[in-house]
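Below: model_27.cif (mmCIF, C-alpha atoms and all ligand atoms)
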data_query
loop_
_atom_site.label_atom_id
_atom_site.label_comp_id
_atom_site.auth_asym_id
_atom_site.auth_seq_id
_atom_site.Cartn_x
_atom_site.Cartn_y
_atom_site.Cartn_z
CA VAL A 18 -27.34 25.09 27.52
CA VAL A 19 -26.39 25.77 31.12
CA ARG A 20 -29.51 27.92 31.61
CA GLY A 21 -32.25 28.16 28.99
CA ILE A 22 -35.42 30.27 28.63
CA GLY A 23 -36.86 31.60 31.89
CA ASP A 24 -33.96 33.47 33.43
CA ASP A 25 -32.81 37.00 32.59
CA ALA A 26 -30.30 35.68 30.08
CA ALA A 27 -29.38 32.30 28.70
CA VAL A 28 -26.10 30.75 29.79
CA LEU A 29 -24.37 28.78 27.03
CA ARG A 30 -21.18 26.82 26.92
CA LEU A 31 -19.62 27.24 23.46
CA ALA A 32 -16.60 25.79 21.72
CA ALA A 33 -14.96 28.46 19.56
CA PRO A 34 -15.26 29.59 16.78
CA VAL A 35 -18.92 30.65 16.91
CA LEU A 36 -20.95 31.87 13.92
CA VAL A 37 -23.39 34.67 14.80
CA THR A 38 -25.99 36.25 12.55
CA THR A 39 -29.20 38.24 12.83
CA ASP A 40 -32.08 38.81 10.43
CA VAL A 41 -35.59 40.25 10.56
CA LEU A 42 -38.87 39.92 8.65
CA VAL A 43 -41.00 43.08 8.78
CA GLU A 44 -44.66 43.36 7.85
CA GLY A 45 -45.12 45.67 4.88
CA VAL A 46 -41.44 45.32 3.92
CA HIS A 47 -40.94 41.55 3.59
CA PHE A 48 -44.47 40.20 3.81
CA LYS A 49 -48.16 40.96 4.05
CA ARG A 50 -50.12 39.06 6.61
CA ASP A 51 -52.72 37.69 4.21
CA TRP A 52 -50.06 36.19 1.93
CA GLY A 53 -49.59 33.08 4.07
CA THR A 54 -50.13 31.50 7.47
CA PRO A 55 -48.47 32.53 10.76
CA ARG A 56 -46.75 29.12 10.77
CA GLN A 57 -45.20 29.80 7.36
CA LEU A 58 -44.01 33.16 8.66
CA GLY A 59 -42.32 31.61 11.69
CA ARG A 60 -40.78 28.95 9.51
CA LYS A 61 -39.46 31.50 7.03
CA ALA A 62 -38.02 33.67 9.82
CA PHE A 63 -35.86 30.73 10.88
CA VAL A 64 -34.86 29.62 7.37
CA THR A 65 -33.84 33.09 6.17
CA ALA A 66 -31.62 33.61 9.22
CA ALA A 67 -30.25 30.07 8.98
CA SER A 68 -29.42 30.70 5.32
CA ASP A 69 -26.53 32.94 6.43
CA ILE A 70 -25.21 30.21 8.75
CA ALA A 71 -25.50 27.75 5.84
CA ALA A 72 -23.60 30.17 3.60
CA MET A 73 -20.67 29.86 6.03
CA GLY A 74 -20.79 26.07 5.82
CA GLY A 75 -22.03 25.88 9.39
CA ARG A 76 -24.92 24.55 11.41
CA SER A 77 -27.13 26.60 13.69
CA VAL A 78 -27.19 25.57 17.33
CA PHE A 79 -28.96 28.26 19.36
CA ALA A 80 -31.68 30.76 18.43
CA LEU A 81 -33.10 33.94 19.96
CA ILE A 82 -36.36 35.42 18.70
CA ASP A 83 -37.51 39.04 18.93
CA LEU A 84 -41.22 39.13 18.16
CA ARG A 85 -42.94 42.53 17.87
CA ALA A 86 -46.64 42.85 17.12
CA PRO A 87 -49.50 45.36 17.15
CA ALA A 88 -51.80 45.04 20.17
CA SER A 89 -54.57 43.88 17.84
CA THR A 90 -52.66 40.70 16.87
CA ALA A 91 -54.55 37.51 17.75
CA VAL A 92 -52.81 35.27 20.29
CA VAL A 93 -53.42 32.29 18.02
CA ASP A 94 -51.40 34.04 15.27
CA LEU A 95 -48.47 34.70 17.61
CA ASP A 96 -48.64 31.06 18.70
CA GLY A 97 -48.56 30.01 15.06
CA ILE A 98 -45.45 32.08 14.39
CA TYR A 99 -43.69 30.63 17.45
CA ARG A 100 -44.69 27.10 16.55
CA GLY A 101 -43.58 27.44 12.93
CA PHE A 102 -40.28 28.87 14.10
CA ARG A 103 -39.66 26.35 16.86
CA ASP A 104 -40.61 23.27 14.82
CA THR A 105 -38.31 24.27 11.96
CA ALA A 106 -35.49 25.19 14.31
CA THR A 107 -35.82 21.93 16.24
CA ARG A 108 -35.69 19.88 13.04
CA ALA A 109 -32.48 21.73 12.18
CA GLY A 110 -30.97 20.85 15.56
CA THR A 111 -31.35 24.39 16.85
CA ARG A 112 -32.55 25.19 20.34
CA LEU A 113 -34.55 28.33 21.14
CA VAL A 114 -32.78 29.72 24.20
CA GLY A 115 -34.41 33.09 24.61
CA GLY A 116 -36.40 35.89 23.18
CA ASN A 117 -38.38 39.00 23.65
CA THR A 118 -41.96 40.02 22.87
CA CYS A 119 -42.93 43.64 22.50
CA ARG A 120 -45.80 45.79 21.23
CA ALA A 121 -45.06 47.65 18.01
CA ALA A 122 -46.78 49.38 15.08
CA ALA A 123 -45.98 46.56 12.65
CA LEU A 124 -45.50 42.84 13.03
CA SER A 125 -41.85 41.83 12.87
CA ILE A 126 -39.86 38.72 13.65
CA GLY A 127 -36.19 39.21 14.44
CA VAL A 128 -33.98 36.16 14.70
CA THR A 129 -30.47 35.83 16.07
CA LEU A 130 -28.67 32.54 15.51
CA LEU A 131 -25.49 31.13 16.99
CA GLY A 132 -23.86 28.36 15.03
CA GLU A 133 -20.74 26.29 14.70
CA ALA A 134 -18.69 25.01 11.80
CA PRO A 135 -17.16 21.67 12.81
CA ASN A 136 -15.79 21.20 9.28
CA GLY A 137 -14.33 24.68 9.11
CA TRP A 138 -16.20 27.80 8.00
CA VAL A 139 -16.32 28.98 4.40
CA GLY A 140 -16.01 32.71 3.71
CA ARG A 141 -16.87 34.81 0.68
CA ASP A 142 -13.23 35.48 -0.10
CA GLY A 143 -12.03 32.05 -1.21
CA CYS A 144 -12.88 32.11 -4.96
CA ARG A 145 -9.92 31.71 -7.33
CA PRO A 146 -9.76 32.14 -11.13
CA GLY A 147 -10.29 28.73 -12.69
CA ASP A 148 -12.83 27.63 -10.04
CA ASP A 149 -16.18 26.27 -11.16
CA LEU A 150 -19.20 28.35 -10.11
CA PHE A 151 -22.10 26.35 -8.68
CA VAL A 152 -25.57 27.11 -7.37
CA SER A 153 -27.93 24.85 -5.42
CA GLY A 154 -31.62 24.26 -6.22
CA THR A 155 -33.25 26.57 -8.77
CA LEU A 156 -33.25 30.34 -9.28
CA GLY A 157 -36.04 32.88 -9.61
CA LEU A 158 -39.04 30.86 -8.47
CA ALA A 159 -39.46 32.78 -5.19
CA GLY A 160 -39.16 36.08 -7.03
CA LEU A 161 -41.86 34.90 -9.40
CA GLY A 162 -44.03 33.91 -6.42
CA LEU A 163 -43.62 37.37 -4.89
CA ARG A 164 -44.61 38.96 -8.19
CA LEU A 165 -47.74 36.79 -8.33
CA LEU A 166 -48.68 37.64 -4.72
CA ARG A 167 -48.31 41.36 -5.40
CA ARG A 168 -50.43 41.06 -8.51
CA ARG A 169 -53.28 39.06 -7.06
CA ARG A 170 -54.36 38.54 -3.47
CA GLY A 171 -54.76 34.83 -2.72
CA ALA A 172 -52.39 33.72 -5.49
CA ARG A 173 -51.30 30.09 -5.06
CA GLY A 174 -49.12 27.52 -6.80
CA PRO A 175 -45.50 26.29 -6.72
CA ALA A 176 -43.94 29.76 -7.13
CA VAL A 177 -45.94 31.28 -4.26
CA ARG A 178 -45.18 28.25 -2.09
CA ARG A 179 -41.48 28.64 -2.86
CA PHE A 180 -41.63 32.28 -1.72
CA LEU A 181 -43.55 31.46 1.48
CA GLU A 182 -41.59 28.30 2.29
CA PRO A 183 -37.95 28.67 1.26
CA PRO A 184 -35.89 25.49 1.64
CA SER A 185 -33.24 25.16 4.34
CA ARG A 186 -29.80 24.44 2.90
CA LEU A 187 -28.14 23.85 6.29
CA VAL A 188 -27.57 20.12 5.78
CA LEU A 189 -26.31 20.61 2.23
CA ALA A 190 -23.96 23.36 3.40
CA GLN A 191 -22.33 21.13 5.99
CA GLY A 192 -21.84 18.47 3.32
CA LEU A 193 -20.16 21.08 1.14
CA ALA A 194 -17.89 22.24 3.95
CA ARG A 195 -16.92 18.61 4.63
CA LEU A 196 -15.70 18.14 1.04
CA GLY A 197 -12.81 20.57 1.39
CA GLY A 198 -11.62 22.25 -1.80
CA LEU A 199 -14.49 24.70 -1.78
CA GLY A 200 -13.64 28.26 -2.78
CA GLY A 201 -15.93 31.04 -1.57
CA MET A 202 -19.63 30.79 -0.70
CA ILE A 203 -22.62 33.13 -0.23
CA ASP A 204 -26.38 32.62 -0.02
CA VAL A 205 -28.59 34.08 -2.75
CA SER A 206 -30.87 36.44 -0.81
CA ASP A 207 -30.72 39.66 -2.85
CA GLY A 208 -30.61 38.17 -6.36
CA CYS A 209 -28.06 35.91 -8.05
CA LEU A 210 -26.10 38.62 -9.88
CA ARG A 211 -25.97 40.97 -6.92
CA ASP A 212 -24.81 38.23 -4.55
CA LEU A 213 -22.33 36.97 -7.14
CA GLY A 214 -21.04 40.54 -7.22
CA HIS A 215 -20.52 40.43 -3.42
CA LEU A 216 -18.76 37.07 -3.72
CA CYS A 217 -16.45 38.31 -6.48
CA ALA A 218 -15.70 41.59 -4.72
CA ALA A 219 -14.70 39.77 -1.52
CA SER A 220 -12.50 37.35 -3.50
CA ARG A 221 -11.13 40.04 -5.83
CA VAL A 222 -12.10 38.01 -8.90
CA GLY A 223 -14.56 38.15 -11.81
CA ALA A 224 -17.07 35.56 -12.98
CA VAL A 225 -18.67 34.38 -16.21
CA VAL A 226 -22.19 32.93 -15.98
CA ASP A 227 -23.47 30.72 -18.80
CA ALA A 228 -27.14 31.76 -19.16
CA GLY A 229 -28.01 28.44 -20.77
CA ARG A 230 -26.97 26.53 -17.65
CA LEU A 231 -29.10 28.39 -15.10
CA PRO A 232 -31.29 25.94 -13.15
CA LEU A 233 -34.93 26.95 -13.65
CA ALA A 234 -37.98 25.24 -12.20
CA ALA A 235 -40.67 23.94 -14.59
CA THR A 236 -43.13 26.56 -13.29
CA TYR A 237 -40.59 29.30 -13.95
CA ARG A 238 -40.08 28.13 -17.54
CA ARG A 239 -43.82 27.90 -18.09
CA LEU A 240 -44.59 31.40 -16.81
CA CYS A 241 -41.40 33.28 -17.79
CA GLY A 242 -40.30 31.49 -20.95
CA ASP A 243 -36.65 32.37 -21.58
CA ASP A 244 -36.84 35.63 -19.66
CA LEU A 245 -33.99 35.22 -17.16
CA ALA A 246 -34.46 38.57 -15.37
CA LEU A 247 -36.11 37.11 -12.26
CA ALA A 248 -33.71 34.16 -12.08
CA LEU A 249 -30.72 36.51 -12.14
CA THR A 250 -31.99 39.54 -10.24
CA ALA A 251 -34.94 38.63 -7.98
CA GLY A 252 -34.23 38.01 -4.31
CA GLU A 253 -35.28 35.42 -1.72
CA ASP A 254 -34.00 32.27 -3.41
CA TYR A 255 -31.96 31.32 -0.31
CA GLU A 256 -29.85 28.99 -2.40
CA LEU A 257 -26.09 28.54 -2.00
CA LEU A 258 -23.78 30.11 -4.57
CA PHE A 259 -20.21 28.88 -4.32
CA SER A 260 -17.02 28.21 -6.21
CA ALA A 261 -15.11 24.95 -6.16
CA ARG A 262 -11.86 23.66 -7.60
CA PRO A 263 -12.61 21.77 -10.86
CA GLY A 264 -11.32 18.52 -9.33
CA LEU A 265 -14.38 18.49 -7.06
CA ARG A 266 -17.04 18.00 -9.78
CA ARG A 267 -17.61 14.27 -9.22
CA ARG A 268 -17.89 14.59 -5.48
CA LEU A 269 -20.32 17.50 -5.88
CA ILE A 270 -22.53 15.39 -8.17
CA ALA A 271 -22.49 12.61 -5.57
CA LEU A 272 -23.32 15.06 -2.78
CA ALA A 273 -26.22 16.52 -4.77
CA ARG A 274 -27.61 13.03 -5.24
CA ALA A 275 -27.16 12.09 -1.58
CA ARG A 276 -28.80 15.32 -0.36
CA ARG A 277 -31.51 15.26 -3.05
CA CYS A 278 -30.70 18.82 -3.98
CA PRO A 279 -29.50 19.81 -7.45
CA LEU A 280 -26.09 21.44 -7.69
CA THR A 281 -25.61 23.12 -11.07
CA ARG A 282 -22.38 24.40 -12.56
CA ILE A 283 -23.49 27.76 -13.95
CA GLY A 284 -20.15 29.27 -14.87
CA ARG A 285 -16.60 29.88 -13.74
CA ILE A 286 -14.45 32.27 -11.81
CA VAL A 287 -12.15 34.45 -13.90
CA ALA A 288 -9.60 37.19 -13.23
CA ARG A 289 -10.91 40.40 -11.74
CA PRO A 290 -10.52 42.67 -14.83
CA GLU A 291 -13.03 40.50 -16.72
CA GLY A 292 -15.77 41.60 -14.33
CA VAL A 293 -19.03 39.73 -13.71
CA ARG A 294 -20.69 38.80 -17.00
CA VAL A 295 -23.60 36.69 -18.22
CA LEU A 296 -23.14 35.05 -21.61
CA GLY A 297 -26.07 33.86 -23.73
CA ALA A 298 -26.19 31.76 -26.88
CA GLY A 299 -23.10 32.19 -29.07
CA GLY A 300 -21.20 33.93 -26.28
CA ARG A 301 -23.24 37.13 -26.59
CA GLU A 302 -23.18 39.18 -23.37
CA LEU A 303 -26.60 39.68 -21.74
CA ARG A 304 -27.30 42.71 -19.59
CA PHE A 305 -29.88 43.07 -16.83
CA ALA A 306 -31.29 46.37 -15.72
CA ALA A 307 -31.93 45.91 -12.00
CA ALA A 308 -29.18 43.71 -10.64
CA GLY A 309 -30.80 42.48 -7.46
CA HIS A 310 -32.57 43.77 -4.40
CA ASP A 311 -31.42 47.03 -2.89
CA HIS A 312 -32.77 47.24 0.68
CA PHE A 313 -32.89 51.04 0.65
CA ARG A 314 -34.27 51.68 -2.80
CA ARG A 315 -37.66 53.37 -2.75
MG MG B 401 -26.26 36.16 3.22
#
I'd like the structure from this file rewritten - as structure tokens, please.
Amino acid sequence: VVRGIGDDAAVLRLAAPVLVTTDVLVEGVHFKRDWGTPRQLGRKAFVTAASDIAAMGGRSVFALIDLRAPASTAVVDLDGIYRGFRDTATRAGTRLVGGNTCRAAALSIGVTLLGEAPNGWVGRDGCRPGDDLFVSGTLGLAGLGLRLLRRRRGARGPAVRRFLEPPSRLVLAQGLARLGGLGGMIDVSDGCLRDLGHLCAASRVGAVVDAGRLPLAATYRRLCGDDLALALTAGEDYELLFSARPGLRRRLIALARARRCPLTRIGRIVARPEGVRVLGAGGRELRFAAAGHDHFRR
């Protein structure tokens, strides 16, 4: 940082290539204010933006925040959002170098991140038939938490916490990029099947998911039984979905252990004409009605 917050613009010295992404959380669209604390909101604003940097195998370095709020918003709430954002960013080695505050009808937190990929960046287009398909963490718990929050004000528990406090996969992602031999990668923000569809389209391949291998949290199993709809179609997991050459399995297991984050082989990449399919017990194809979150669906 040549010049940080306080001048008209920040002045940064960057070594190319630079990863750039932007994301926004909007009240009434992504959250309701009584669902969680301002701190959780600030934290989530960083993590959801950083998830796209992670999906490129990079690390975030600089952040800009665009905070808009109704005039009635308490200063202590705005402080909480900033603090949650800044603390999480700082822990991830990311410096807040600028921002903007503005009055608006609804509360929103826009985040722009600049990052770098010292181990090389990983695109969506690197999947090849024969690759293993992996996902980090577990699937569907955040979607379950959102469902619980919508159903009952003041809902609590592991699923709600997972929705309000998504994990950051930045460190894991850099470990993955360091391995080499990775295929394509995307973060699961709009639902596993939908994002897998994006990954396969970019790579011009198909994929087969083994339903029996999907990583589900204990709370998910308890409340959803063997209903996989949320795990495969609900958004906001912010896990990493990637393909890897089969020779990488051992090193992936070691990385998962070192980073204390499960990496589960949920299927494989196949040729494009086979499409994207989910197979249940006995190889029976399972179909899911709403394949993921559509931002413009009413
Ligand atoms: Mg993404």
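Checking A:Glu302, A:Asp96, A:Glu256, A:Asp51 one by one against Leu189 in chain A, counting all atoms listed in the file, you find the shortest gap at A:Glu256.
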When you count only C-alpha atoms, which of these residues is closest to Thr118 in chain A: A:Val19, A:Leu213, A:Ala88, A:Leu187?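 Of A:Val19, A:Leu213, A:Ala88, A:Leu187, the one nearest Thr118 in chain A, counting only C-alpha atoms, is A:Ala88.
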Can you work out which one of A:Gly208, A:Gly214, A:Gly192, A:Gly300 has the shortest atom-to-atom distance to Ile270 in chain A, counting all atoms listed in the file?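 Closest to Ile270 in chain A of all the choices is A:Gly192.
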Could you report the residues within 6 Å of ligand MG 401 (chain B), using all atoms listed in the file, as a short mmCIF file (atom, residue, chain, number, x, y, z; two decimals) with C-alpha atoms, in the coordinates of the input?
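Once written, out.cif looks like this:
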data_model
loop_
_atom_site.label_atom_id
_atom_site.label_comp_id
_atom_site.auth_asym_id
_atom_site.auth_seq_id
_atom_site.Cartn_x
_atom_site.Cartn_y
_atom_site.Cartn_z
CA ASP A 69 -26.53 32.94 6.43
CA ILE A 203 -22.62 33.13 -0.23
CA ASP A 204 -26.38 32.62 -0.02
#
Within 10 Å of Val28 in chain A, counting only C-alpha atoms, which residues show up once you throw out same-chain ones fewer than 6 positions away? Write them as number ranges by chain, please. A: 18-22, 114
Would you write out, as JSON lines, a table of all residues in range 208-276 of chain A that have an atom no more than 7 Å from an atom of range 129-152 of chain A, listing for each the closest atom pair and the distance in Å to one decimal, considering all atoms listed in the file and ordering rows by chain and rising residue number?
{"residue": "A:Leu216", "atom": "CA", "partner": "A:Arg141", "partner_atom": "CA", "distance": 5.3}
{"residue": "A:Ala219", "atom": "CA", "partner": "A:Asp142", "partner_atom": "CA", "distance": 4.8}
{"residue": "A:Ser220", "atom": "CA", "partner": "A:Asp142", "partner_atom": "CA", "distance": 3.9}
{"residue": "A:Val222", "atom": "CA", "partner": "A:Pro146", "partner_atom": "CA", "distance": 6.7}
{"residue": "A:Glu256", "atom": "CA", "partner": "A:Val152", "partner_atom": "CA", "distance": 6.8}
{"residue": "A:Leu257", "atom": "CA", "partner": "A:Val152", "partner_atom": "CA", "distance": 5.6}
{"residue": "A:Leu258", "atom": "CA", "partner": "A:Val152", "partner_atom": "CA", "distance": 4.5}
{"residue": "A:Phe259", "atom": "CA", "partner": "A:Phe151", "partner_atom": "CA", "distance": 5.4}
{"residue": "A:Ser260", "atom": "CA", "partner": "A:Leu150", "partner_atom": "CA", "distance": 4.5}
{"residue": "A:Ala261", "atom": "CA", "partner": "A:Asp148", "partner_atom": "CA", "distance": 5.2}
{"residue": "A:Arg262", "atom": "CA", "partner": "A:Asp148", "partner_atom": "CA", "distance": 4.8}
{"residue": "A:Pro263", "atom": "CA", "partner": "A:Asp149", "partner_atom": "CA", "distance": 5.8}
Between CA of Gly160 in chain A and CA of Lys49 in chain A - distance in Å to one decimal: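 Pair CA of Lys49 in chain A / CA of Gly160 in chain A returns 15.1 Å.
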Using Å and a single decimal, report how far CA of Gln57 in chain A sits from CA of Gly97 in chain A.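 We find that CA of Gly97 in chain A and CA of Gln57 in chain A lie 8.4 Å from each other.
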